[in-house]
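> Just one file: run.cif, with mmCIF, C-alpha atoms.
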```cif
data_final
loop_
_atom_site.label_atom_id
_atom_site.label_comp_id
_atom_site.auth_asym_id
_atom_site.auth_seq_id
_atom_site.Cartn_x
_atom_site.Cartn_y
_atom_site.Cartn_z
CA MET A 9 -24.73 0.01 -198.75
CA ARG A 10 -27.51 0.76 -196.27
CA PRO A 11 -25.70 -0.78 -193.16
CA SER A 12 -22.54 1.11 -193.95
CA ARG A 13 -24.49 4.30 -194.16
CA TYR A 14 -26.01 3.67 -190.72
CA PHE A 15 -22.60 2.90 -189.18
CA ILE A 16 -21.00 6.06 -190.58
CA THR A 17 -23.95 8.13 -189.34
CA ALA A 18 -23.62 6.68 -185.80
CA VAL A 19 -19.89 7.41 -185.68
CA ILE A 20 -20.51 11.01 -186.78
CA ILE A 21 -23.14 11.48 -184.03
CA ILE A 22 -20.85 10.06 -181.27
CA LEU A 23 -17.93 12.27 -182.33
CA GLY A 24 -20.20 15.32 -182.27
CA ILE A 25 -21.36 14.58 -178.70
CA ALA A 26 -17.78 14.09 -177.49
CA ILE A 27 -16.64 17.39 -179.04
CA HIS A 28 -19.56 19.20 -177.40
CA VAL A 29 -18.75 17.79 -173.90
CA CYS A 30 -15.05 18.64 -174.14
CA ALA A 31 -15.90 22.15 -175.22
CA GLN A 32 -17.93 22.69 -171.99
CA ARG A 33 -15.00 21.75 -169.60
CA LYS A 34 -12.92 24.73 -168.39
CA ILE A 35 -9.45 24.13 -167.05
CA THR A 36 -8.13 26.79 -164.66
CA PRO A 37 -4.36 26.91 -164.80
CA VAL A 38 -2.40 26.88 -161.48
CA ILE A 39 0.09 29.70 -161.30
CA PRO A 40 2.73 28.94 -158.63
CA LYS A 41 3.77 31.72 -156.29
CA THR A 42 7.26 32.94 -156.84
CA GLY A 43 9.76 34.72 -154.68
CA PRO A 44 11.86 37.79 -155.50
CA GLY A 45 14.29 35.68 -157.52
CA GLY A 46 11.54 33.93 -159.43
CA ASP A 47 11.85 30.71 -157.46
CA PRO A 48 8.60 29.01 -156.49
CA VAL A 49 7.51 29.49 -152.88
CA THR A 50 5.80 26.71 -150.90
CA GLU A 51 3.32 27.81 -148.21
CA GLN A 52 4.04 26.33 -144.75
CA PRO A 53 1.21 25.22 -142.46
CA ALA A 54 0.68 27.28 -139.29
CA ASP A 55 2.83 26.17 -136.32
CA PRO A 56 0.47 24.41 -133.84
CA LYS A 57 2.78 25.46 -130.96
CA GLU A 58 2.56 29.15 -131.83
CA GLY A 59 1.48 31.12 -128.76
CA LEU A 60 2.40 28.31 -126.36
CA ALA A 61 5.05 28.27 -123.62
CA GLU A 62 6.88 24.98 -123.14
CA MET A 63 7.73 23.75 -119.62
CA ARG A 64 8.58 20.51 -117.86
CA ASP A 65 6.89 19.07 -114.79
CA SER A 66 8.58 17.26 -111.88
CA GLN A 67 8.48 13.98 -113.84
CA GLY A 68 10.27 15.47 -116.84
CA ASN A 69 7.17 15.51 -119.09
CA VAL A 70 6.80 18.34 -121.64
CA VAL A 71 3.94 20.65 -120.61
CA PHE A 72 2.44 23.29 -122.94
CA VAL A 73 0.90 26.43 -121.44
CA ASP A 74 -1.44 28.66 -123.44
CA THR A 75 -0.05 32.14 -122.81
CA ILE A 76 -3.51 33.67 -123.35
CA THR A 77 -5.84 31.36 -121.41
CA GLY A 78 -3.30 29.81 -119.03
CA GLN A 79 -4.52 26.31 -119.89
CA GLU A 80 -1.94 23.52 -119.47
CA TRP A 81 -1.62 20.06 -120.97
CA ILE A 82 1.07 17.40 -121.36
CA ASP A 83 2.59 16.75 -124.77
CA THR A 84 1.78 13.06 -125.19
CA THR A 85 3.85 12.85 -128.39
CA VAL A 86 7.07 13.37 -126.46
CA VAL A 87 7.09 11.50 -123.16
CA ALA A 88 10.21 11.95 -121.09
CA LYS A 89 12.02 8.85 -119.97
CA LYS A 90 11.06 7.93 -116.44
CA THR A 91 13.89 8.22 -113.99
CA GLY A 92 14.12 6.21 -110.80
CA MET A 93 15.26 9.10 -108.65
CA ILE A 94 15.41 12.75 -109.68
CA TYR A 95 17.72 13.99 -106.95
CA PRO A 96 21.48 13.28 -106.92
CA LEU A 97 23.19 10.81 -104.61
CA MET A 98 24.63 13.44 -102.26
CA GLU A 99 21.62 15.73 -102.22
CA SER A 100 21.97 17.66 -98.95
CA VAL A 101 22.99 17.68 -95.29
CA THR A 102 20.55 18.70 -92.55
CA VAL A 103 21.26 19.53 -88.92
CA GLY A 104 18.60 20.04 -86.29
CA VAL A 105 17.74 20.27 -82.62
CA ASN A 106 14.91 18.48 -80.82
CA LEU A 107 12.93 20.97 -78.72
CA TRP A 108 10.38 18.50 -77.34
CA ASP A 109 11.88 17.89 -73.89
CA PRO A 110 12.90 21.51 -73.26
CA ALA A 111 9.33 22.55 -74.08
CA MET A 112 7.87 19.86 -71.82
CA ARG A 113 10.09 21.00 -68.94
CA ILE A 114 8.59 24.47 -69.28
CA PHE A 115 5.19 22.88 -68.68
CA GLY A 116 6.34 21.08 -65.54
CA GLN A 117 8.02 17.88 -66.72
CA HIS A 118 10.88 16.89 -64.38
CA TYR A 119 12.89 14.73 -66.77
CA GLY A 120 14.36 14.94 -70.25
CA GLY A 121 17.06 16.98 -71.86
CA VAL A 122 18.04 18.13 -75.33
CA ASP A 123 19.47 16.38 -78.38
CA PHE A 124 20.95 17.37 -81.71
CA TRP A 125 20.93 15.42 -84.95
CA ALA A 126 22.55 15.39 -88.38
CA GLU A 127 21.19 13.74 -91.53
CA LEU A 128 22.72 13.00 -94.93
CA SER A 129 20.21 12.92 -97.80
CA LEU A 130 20.87 10.29 -100.49
CA HIS A 131 18.68 10.91 -103.56
CA ASN A 132 16.25 12.69 -101.18
CA ARG A 133 15.12 9.15 -100.39
CA TYR A 134 17.47 7.41 -97.95
CA LYS A 135 18.62 9.50 -94.99
CA PRO A 136 21.21 8.12 -92.55
CA VAL A 137 20.89 9.91 -89.20
CA ILE A 138 23.07 10.33 -86.12
CA GLU A 139 21.75 11.87 -82.90
CA ALA A 140 23.41 12.87 -79.63
CA GLY A 141 22.18 14.57 -76.52
CA PHE A 142 21.96 14.76 -72.74
CA GLY A 143 19.20 13.79 -70.36
CA SER A 144 18.53 13.99 -66.62
CA CYS A 145 15.76 13.39 -64.12
CA ASP A 146 14.75 14.67 -60.67
CA GLU A 147 11.21 13.55 -59.96
CA THR A 148 9.08 12.40 -57.07
CA PRO A 149 6.30 10.35 -58.67
CA ASP A 150 2.76 11.06 -57.51
CA GLY A 151 1.77 8.77 -54.67
CA LYS A 152 5.30 7.39 -54.26
CA ASN A 153 7.61 7.61 -51.27
CA TYR A 154 10.89 8.37 -53.02
CA THR A 155 12.68 10.76 -55.39
CA PHE A 156 14.44 9.38 -58.44
CA LYS A 157 17.48 11.23 -59.72
CA THR A 158 19.65 10.83 -62.78
CA LYS A 159 22.55 13.16 -63.35
CA MET A 160 22.99 14.76 -66.75
CA SER A 161 24.10 11.81 -68.89
CA PRO A 162 24.87 11.44 -72.62
CA PHE A 163 22.98 9.29 -75.09
CA PHE A 164 23.48 8.44 -78.75
CA ARG A 165 21.28 7.18 -81.56
CA ILE A 166 22.06 5.99 -85.07
CA GLY A 167 19.60 4.99 -87.78
CA ILE A 168 18.06 5.82 -91.13
CA ASN A 169 14.93 7.53 -92.45
CA TYR A 170 13.05 6.77 -95.65
CA ASN A 171 11.33 9.68 -97.43
CA VAL A 172 8.13 8.55 -99.11
CA PHE A 173 8.02 11.70 -101.29
CA TYR A 174 11.56 11.25 -102.61
CA ASN A 175 10.87 12.64 -106.10
CA ASN A 176 9.06 15.72 -104.81
CA ASN A 177 10.18 18.99 -103.31
CA PRO A 178 12.54 18.24 -100.38
CA LYS A 179 10.80 20.94 -98.34
CA TYR A 180 7.87 18.56 -97.86
CA GLN A 181 8.73 15.13 -96.52
CA LEU A 182 6.90 12.16 -95.07
CA VAL A 183 9.43 9.87 -93.40
CA ALA A 184 9.61 6.57 -91.57
CA GLY A 185 12.72 5.18 -89.97
CA VAL A 186 14.48 3.14 -87.32
CA ARG A 187 17.03 3.96 -84.61
CA TYR A 188 19.31 2.18 -82.23
CA GLY A 189 20.06 4.13 -79.06
CA PHE A 190 22.62 3.66 -76.31
CA THR A 191 23.35 5.48 -73.06
CA PRO A 192 25.77 5.09 -70.13
CA PHE A 193 24.29 6.76 -67.04
CA SER A 194 24.07 6.70 -63.26
CA TYR A 195 21.06 7.09 -60.98
CA GLU A 196 20.09 7.15 -57.33
CA VAL A 197 16.96 7.07 -55.20
CA THR A 198 16.70 9.53 -52.32
CA ASN A 199 14.25 10.34 -49.55
CA VAL A 200 12.81 6.86 -49.40
CA THR A 201 10.20 7.10 -46.65
CA MET A 202 9.02 4.04 -44.72
CA PRO A 203 5.86 3.86 -42.59
CA PRO A 204 6.23 4.76 -38.88
CA GLY A 205 7.95 2.07 -36.83
CA TYR A 206 8.00 1.22 -33.15
CA TRP A 207 8.84 4.76 -32.10
CA ASP A 208 6.06 6.18 -34.34
CA GLU A 209 8.54 8.05 -36.49
CA ASP A 210 9.00 7.94 -40.27
CA MET A 211 12.10 6.15 -41.43
CA LYS A 212 14.03 7.74 -44.31
CA PHE A 213 17.03 6.50 -46.22
CA ASN A 214 18.77 6.81 -49.61
CA ILE A 215 19.80 4.19 -52.17
CA PRO A 216 23.36 5.00 -53.26
CA SER A 217 24.24 6.01 -56.80
CA GLN A 218 24.82 3.16 -59.22
CA SER A 219 26.03 3.05 -62.81
CA SER A 220 24.25 1.33 -65.67
CA THR A 221 23.91 1.19 -69.43
CA ALA A 222 20.93 0.67 -71.72
CA GLY A 223 20.30 0.01 -75.39
CA PHE A 224 16.98 0.56 -77.08
CA PHE A 225 15.21 0.41 -80.44
CA GLU A 226 12.99 3.09 -81.96
CA PHE A 227 10.58 3.16 -84.88
CA VAL A 228 9.81 6.71 -86.01
CA ALA A 229 7.28 8.30 -88.36
CA GLY A 230 6.94 11.98 -89.04
CA VAL A 231 6.65 14.95 -91.37
CA ARG A 232 8.97 17.83 -92.21
CA VAL A 233 7.86 21.14 -93.72
CA GLY A 234 10.01 24.00 -95.01
CA ILE A 235 8.94 27.33 -93.55
CA ILE A 236 11.50 29.83 -94.84
CA LYS A 237 14.45 29.32 -97.17
CA ASN A 238 16.48 26.38 -95.78
CA ILE A 239 14.77 26.24 -92.37
CA SER A 240 12.23 23.50 -91.63
CA LEU A 241 10.04 22.26 -88.80
CA GLY A 242 9.47 18.57 -88.12
CA TRP A 243 7.10 16.50 -86.00
CA THR A 244 7.83 12.87 -85.16
CA VAL A 245 6.03 10.09 -83.30
CA LYS A 246 8.22 7.34 -81.82
CA TYR A 247 7.58 3.81 -80.67
CA HIS A 248 10.48 2.46 -78.61
CA SER A 249 11.45 -0.62 -76.66
CA LEU A 250 14.40 -1.57 -74.45
CA LEU A 251 16.76 -4.13 -75.96
CA HIS A 252 19.24 -4.57 -73.13
CA GLU A 253 20.34 -2.87 -69.91
CA GLY A 254 22.90 -3.29 -67.18
CA LYS A 255 22.20 -5.30 -64.04
CA ALA A 256 20.71 -3.24 -61.22
CA LYS A 257 21.75 -4.01 -57.65
CA TYR A 258 19.06 -1.86 -56.03
CA GLY A 259 16.28 -1.96 -58.60
CA LYS A 260 15.83 -0.89 -62.22
CA PRO A 261 15.91 2.81 -63.13
CA MET A 262 12.66 4.66 -63.61
CA TYR A 263 14.13 6.99 -66.27
CA ILE A 264 16.73 6.25 -69.00
CA PRO A 265 18.39 9.17 -70.84
CA GLY A 266 17.42 9.28 -74.51
CA PHE A 267 14.69 6.71 -73.95
CA GLY A 268 12.39 8.28 -71.39
CA LYS A 269 10.35 6.73 -68.62
CA ARG A 270 10.27 2.99 -68.23
CA GLY A 271 6.95 1.46 -69.22
CA SER A 272 6.10 4.17 -71.76
CA SER A 273 6.14 2.85 -75.33
CA PHE A 274 5.41 6.09 -77.19
CA THR A 275 6.97 9.50 -77.23
CA GLY A 276 7.50 12.29 -79.72
CA SER A 277 9.80 15.02 -80.91
CA PHE A 278 9.55 18.50 -82.35
CA SER A 279 12.58 19.75 -84.28
CA ILE A 280 13.81 22.82 -86.06
CA SER A 281 16.44 22.17 -88.71
CA TYR A 282 18.65 23.79 -91.33
CA THR A 283 19.42 22.15 -94.69
CA LEU A 284 22.60 22.73 -96.67
CA PRO A 285 22.14 21.67 -100.34
CA LEU A 286 25.08 19.78 -101.85
CA ASN A 287 23.99 19.16 -105.45
CA LYS A 288 21.18 20.28 -107.71
CA PRO A 289 18.50 17.80 -108.87
CA GLU A 290 19.02 16.01 -112.18
CA VAL A 291 15.61 17.26 -113.40
CA SER A 292 14.32 20.59 -112.13
CA ALA A 293 10.87 20.62 -110.57
CA VAL A 294 9.77 23.11 -113.29
CA THR A 295 11.97 24.35 -116.11
CA THR A 296 11.16 26.76 -118.93
CA ASP A 297 12.73 27.43 -122.29
CA ALA A 298 14.40 30.50 -120.78
CA ASP A 299 16.15 28.32 -118.20
CA THR A 300 17.80 26.21 -120.88
CA LYS A 301 19.21 29.16 -122.88
#
```
Once more with this new file: its structure as structure tokens, please.

Amino acid sequence: MRPSRYFITAVIIILGIAIHVCAQRKITPVIPKTGPGGDPVTEQPADPKEGLAEMRDSQGNVVFVDTITGQEWIDTTVVAKKTGMIYPLMESVTVGVNLWDPAMRIFGQHYGGVDFWAELSLHNRYKPVIEAGFGSCDETPDGKNYTFKTKMSPFFRIGINYNVFYNNNPKYQLVAGVRYGFTPFSYEVTNVTMPPGYWDEDMKFNIPSQSSTAGFFEFVAGVRVGIIKNISLGWTVKYHSLLHEGKAKYGKPMYIPGFGKRGSSFTGSFSISYTLPLNKPEVSAVTTDADTK
């Protein structure tokens, strides 16, 4: 009987401890919030985009702007698909005039002319170009005994430019390109003076006018900057070389319209141009939520 008594006593002690512990625990009931109709209401977390303005950059990425601090950052959770070219196929047409030679004539140059050009912009990247103009010459080279003359003659160029910044604002361009030029022209040499002869008198004569043609290649590199609305200024450096020319009976011409002086490999141009937009870009440079409404 003694072991049974001990067992019963132990059970009674354990039950007493358990009842005491349970009595000390307090359970706080959760009372759900209810709406006007008695339906439970679930609290929503604060919107992390509250107070932010959403924009897009030139690459189509979503950009958040803190309207209070002005701080900007890209939303890395939504990355816009990269597009090869932002601007449409037929982006714009530009016409311009080269003022280099007219300006140089003001400063005493005795050759040159004026030329006009037109350019079609494809995706703001590839830019076929046609150029046409007139050139003439009436110069007596320093230290020479003759005067070289070329009547006002036409010249033509055709080629293409490549805009390095094709996915950026078209008002700012860095271009490289090639041209093929051709000109039909005539020239003459007058007042050719020979040293005194037997009678101690200078001998003078003229080389009659002769017709010729010439074809030449140009490599160009330059920049174009928008200055006001659709008007731009452009500066270009050119490297050129003769490809072919007509046979000369009385010597090769010193000056070739559209090309310049023989023996000079480099020249330049300074243009003013006007651009007529044809289509809007597929992705705006910067768009806001207001623009999409």
> In Å, with one decimal, what is the gap from CA of Asn287 in chain A to CA of Tyr95 in chain A?
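According to the coordinates, CA of Asn287 in chain A and CA of Tyr95 in chain A are separated by 8.3 Å.
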> Which distance in Å separates CA of Ser217 in chain A and CA of Gln117 in chain A, to one decimal?
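It comes out at 22.4 Å.
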> For the atom pair CA of Phe225 in chain A and CA of Met98 in chain A, what is the interatomic distance in Å to one decimal place?
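The value is 27.1 Å.
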> Name every residue that the PyMOL selection byres ((chain A and resi 245) around 8) selects in this structure, writing the answer as a tab-separated table (two decimals) with C-alpha atoms, in the coordinates of the input with chains first and numbers rising.

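Just written: expr.tsv:
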```tsv
chain	number	residue	atom	x	y	z
A	228	VAL	CA	9.81	6.71	-86.01
A	229	ALA	CA	7.28	8.30	-88.36
A	230	GLY	CA	6.94	11.98	-89.04
A	243	TRP	CA	7.10	16.50	-86.00
A	244	THR	CA	7.83	12.87	-85.16
A	246	LYS	CA	8.22	7.34	-81.82
A	247	TYR	CA	7.58	3.81	-80.67
A	274	PHE	CA	5.41	6.09	-77.19
A	275	THR	CA	6.97	9.50	-77.23
A	276	GLY	CA	7.50	12.29	-79.72
A	277	SER	CA	9.80	15.02	-80.91
```
> Excluding Tyr154 in chain A and any residue of its chain fewer than 6 positions from it, enumerate the residues within 9 Å of it, using only C-alpha atoms, and give them as a PyMOL selection string.
chain A and resi 147-148+197-201+214
> Could you list the residues chosen by the PyMOL selection byres ((chain A and resi 232) around 12) in this structure as a PyMOL selection string?
chain A and resi 102+104+169+171-173+177-184+229-231+233-235+238-244+277-283
> On this structure, which residues satisfy the PyMOL selection byres ((chain A and resi 255) around 12), written as a list in words?
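This file gives the following for the PyMOL selection byres ((chain A and resi 255) around 12): Gln218, Ser219, Ser220, Thr221, Ala222, His252, Glu253, Gly254, Ala256, Lys257, Tyr258, Gly259, Lys260 and Pro261 of chain A.
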> Write out as a list of chain:residue names the residues lying within 6 Å of range 121-134 of chain A, counting all atoms listed in the file and excluding same-chain residues fewer than 3 positions away.
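Everything that qualifies: A:Tyr95, A:Pro96, A:Leu97, A:Met98, A:Glu99, A:Ser100, A:Val101, A:Thr102, A:Val103, A:Gly104, A:Val105, A:Asn106, A:Asp109, A:Val137, A:Ile138, A:Glu139, A:Ala140, A:Gly141, A:Phe142, A:Gly143, A:Tyr170, A:Asn171, A:Tyr174.
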> Go ahead and write the residues just picked, C-alpha atoms, as a PDB file, in the coordinates of the input.

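Output (part-v2.pdb):
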```pdb
ATOM      1  CA  TYR A  95      17.720  13.990-106.950  1.00  0.00           C
ATOM      2  CA  PRO A  96      21.480  13.280-106.920  1.00  0.00           C
ATOM      3  CA  LEU A  97      23.190  10.810-104.610  1.00  0.00           C
ATOM      4  CA  MET A  98      24.630  13.440-102.260  1.00  0.00           C
ATOM      5  CA  GLU A  99      21.620  15.730-102.220  1.00  0.00           C
ATOM      6  CA  SER A 100      21.970  17.660 -98.950  1.00  0.00           C
ATOM      7  CA  VAL A 101      22.990  17.680 -95.290  1.00  0.00           C
ATOM      8  CA  THR A 102      20.550  18.700 -92.550  1.00  0.00           C
ATOM      9  CA  VAL A 103      21.260  19.530 -88.920  1.00  0.00           C
ATOM     10  CA  GLY A 104      18.600  20.040 -86.290  1.00  0.00           C
ATOM     11  CA  VAL A 105      17.740  20.270 -82.620  1.00  0.00           C
ATOM     12  CA  ASN A 106      14.910  18.480 -80.820  1.00  0.00           C
ATOM     13  CA  ASP A 109      11.880  17.890 -73.890  1.00  0.00           C
ATOM     14  CA  VAL A 137      20.890   9.910 -89.200  1.00  0.00           C
ATOM     15  CA  ILE A 138      23.070  10.330 -86.120  1.00  0.00           C
ATOM     16  CA  GLU A 139      21.750  11.870 -82.900  1.00  0.00           C
ATOM     17  CA  ALA A 140      23.410  12.870 -79.630  1.00  0.00           C
ATOM     18  CA  GLY A 141      22.180  14.570 -76.520  1.00  0.00           C
ATOM     19  CA  PHE A 142      21.960  14.760 -72.740  1.00  0.00           C
ATOM     20  CA  GLY A 143      19.200  13.790 -70.360  1.00  0.00           C
ATOM     21  CA  TYR A 170      13.050   6.770 -95.650  1.00  0.00           C
ATOM     22  CA  ASN A 171      11.330   9.680 -97.430  1.00  0.00           C
ATOM     23  CA  TYR A 174      11.560  11.250-102.610  1.00  0.00           C
TER      24      TYR A 174
END
```
> Between A:Cys145, A:Val186, A:Ala61, A:Met202, which is the closest to Gly268 in chain A once you count all atoms listed in the file?
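Using all atoms listed in the file, the shortest distance to Gly268 in chain A belongs to A:Cys145.
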> Of the residues A:Lys288, A:Arg165, A:Lys152, A:Lys269, which is the one nearest to Gly120 in chain A, using all atoms listed in the file?
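Closest to Gly120 in chain A, using all atoms listed in the file: A:Lys269.
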> Quick one: residues within 10 Å of Ser249 in chain A, all atoms listed in the file, excluding same-chain residues fewer than 2 positions away - as a PyMOL selection string?
chain A and resi 223-227+247+251-252+267+270-274
> Could you check the closest approach to Met211 in chain A for each of A:Asn176, A:Ser161, A:Thr191, A:Asn153 and tell me which residue wins, using only C-alpha atoms?
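Distance minimum relative to Met211 in chain A lands on A:Asn153.
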> Determine the nearest neighbour of Ile215 in chain A from the options A:Gly189, A:Leu250, A:Tyr263, A:Thr155, counting only C-alpha atoms.
A:Thr155
> Selecting all heavy atoms, how would range 269-279 of chain A from this structure be written as a tab-separated table (two decimals), in the first residue's frame?

```tsv
chain	number	residue	atom	x	y	z
A	269	LYS	N	41.46	73.56	-104.04
A	269	LYS	CA	42.76	73.63	-104.69
A	269	LYS	C	43.41	72.25	-104.78
A	269	LYS	O	43.32	71.44	-103.86
A	269	LYS	CB	43.69	74.58	-103.93
A	269	LYS	CG	43.53	76.03	-104.31
A	269	LYS	CD	44.66	76.86	-103.70
A	269	LYS	CE	44.64	78.28	-104.23
A	269	LYS	NZ	45.75	79.09	-103.70
A	270	ARG	N	44.06	72.03	-105.90
A	270	ARG	CA	44.81	70.79	-106.08
A	270	ARG	C	45.96	70.74	-105.07
A	270	ARG	O	46.61	71.74	-104.79
A	270	ARG	CB	45.36	70.72	-107.50
A	270	ARG	CG	46.15	69.46	-107.80
A	270	ARG	CD	46.73	69.52	-109.20
A	270	ARG	NE	45.66	69.57	-110.19
A	270	ARG	CZ	45.08	68.48	-110.67
A	270	ARG	NH1	45.46	67.28	-110.27
A	270	ARG	NH2	44.12	68.58	-111.56
A	271	GLY	N	46.20	69.56	-104.54
A	271	GLY	CA	47.30	69.39	-103.59
A	271	GLY	C	46.92	69.63	-102.15
A	271	GLY	O	47.72	69.38	-101.25
A	272	SER	N	45.70	70.10	-101.90
A	272	SER	CA	45.24	70.31	-100.53
A	272	SER	C	44.31	69.17	-100.13
A	272	SER	O	43.28	68.95	-100.77
A	272	SER	CB	44.50	71.65	-100.42
A	272	SER	OG	43.95	71.81	-99.12
A	273	SER	N	44.68	68.42	-99.10
A	273	SER	CA	43.91	67.23	-98.72
A	273	SER	C	42.79	67.53	-97.73
A	273	SER	O	41.86	66.72	-97.59
A	273	SER	CB	44.83	66.17	-98.12
A	273	SER	OG	45.79	65.74	-99.07
A	274	PHE	N	42.86	68.65	-97.04
A	274	PHE	CA	41.87	68.95	-96.00
A	274	PHE	C	41.18	70.28	-96.27
A	274	PHE	O	41.78	71.22	-96.78
A	274	PHE	CB	42.54	69.01	-94.62
A	274	PHE	CG	43.00	67.67	-94.11
A	274	PHE	CD1	44.29	67.24	-94.35
A	274	PHE	CD2	42.15	66.85	-93.39
A	274	PHE	CE1	44.73	66.01	-93.89
A	274	PHE	CE2	42.57	65.62	-92.92
A	274	PHE	CZ	43.86	65.20	-93.17
A	275	THR	N	39.93	70.31	-95.93
A	275	THR	CA	39.15	71.53	-95.99
A	275	THR	C	38.06	71.43	-94.93
A	275	THR	O	38.05	70.48	-94.13
A	275	THR	CB	38.54	71.74	-97.40
A	275	THR	OG1	37.88	73.01	-97.44
A	275	THR	CG2	37.55	70.64	-97.73
A	276	GLY	N	37.16	72.38	-94.92
A	276	GLY	CA	36.12	72.37	-93.90
A	276	GLY	C	34.85	73.00	-94.41
A	276	GLY	O	34.78	73.50	-95.54
A	277	SER	N	33.83	73.00	-93.57
A	277	SER	CA	32.57	73.65	-93.91
A	277	SER	C	31.92	74.15	-92.64
A	277	SER	O	32.13	73.61	-91.54
A	277	SER	CB	31.64	72.68	-94.66
A	277	SER	OG	31.19	71.66	-93.80
A	278	PHE	N	31.11	75.18	-92.81
A	278	PHE	CA	30.33	75.73	-91.71
A	278	PHE	C	28.92	75.97	-92.26
A	278	PHE	O	28.74	76.71	-93.22
A	278	PHE	CB	30.93	77.05	-91.22
A	278	PHE	CG	30.03	77.80	-90.27
A	278	PHE	CD1	29.80	77.31	-89.00
A	278	PHE	CD2	29.40	78.96	-90.67
A	278	PHE	CE1	28.96	77.98	-88.12
A	278	PHE	CE2	28.56	79.65	-89.80
A	278	PHE	CZ	28.34	79.16	-88.52
A	279	SER	N	27.93	75.29	-91.68
A	279	SER	CA	26.58	75.30	-92.24
A	279	SER	C	25.56	75.80	-91.24
A	279	SER	O	25.70	75.64	-90.02
A	279	SER	CB	26.18	73.89	-92.68
A	279	SER	OG	27.00	73.42	-93.72
```
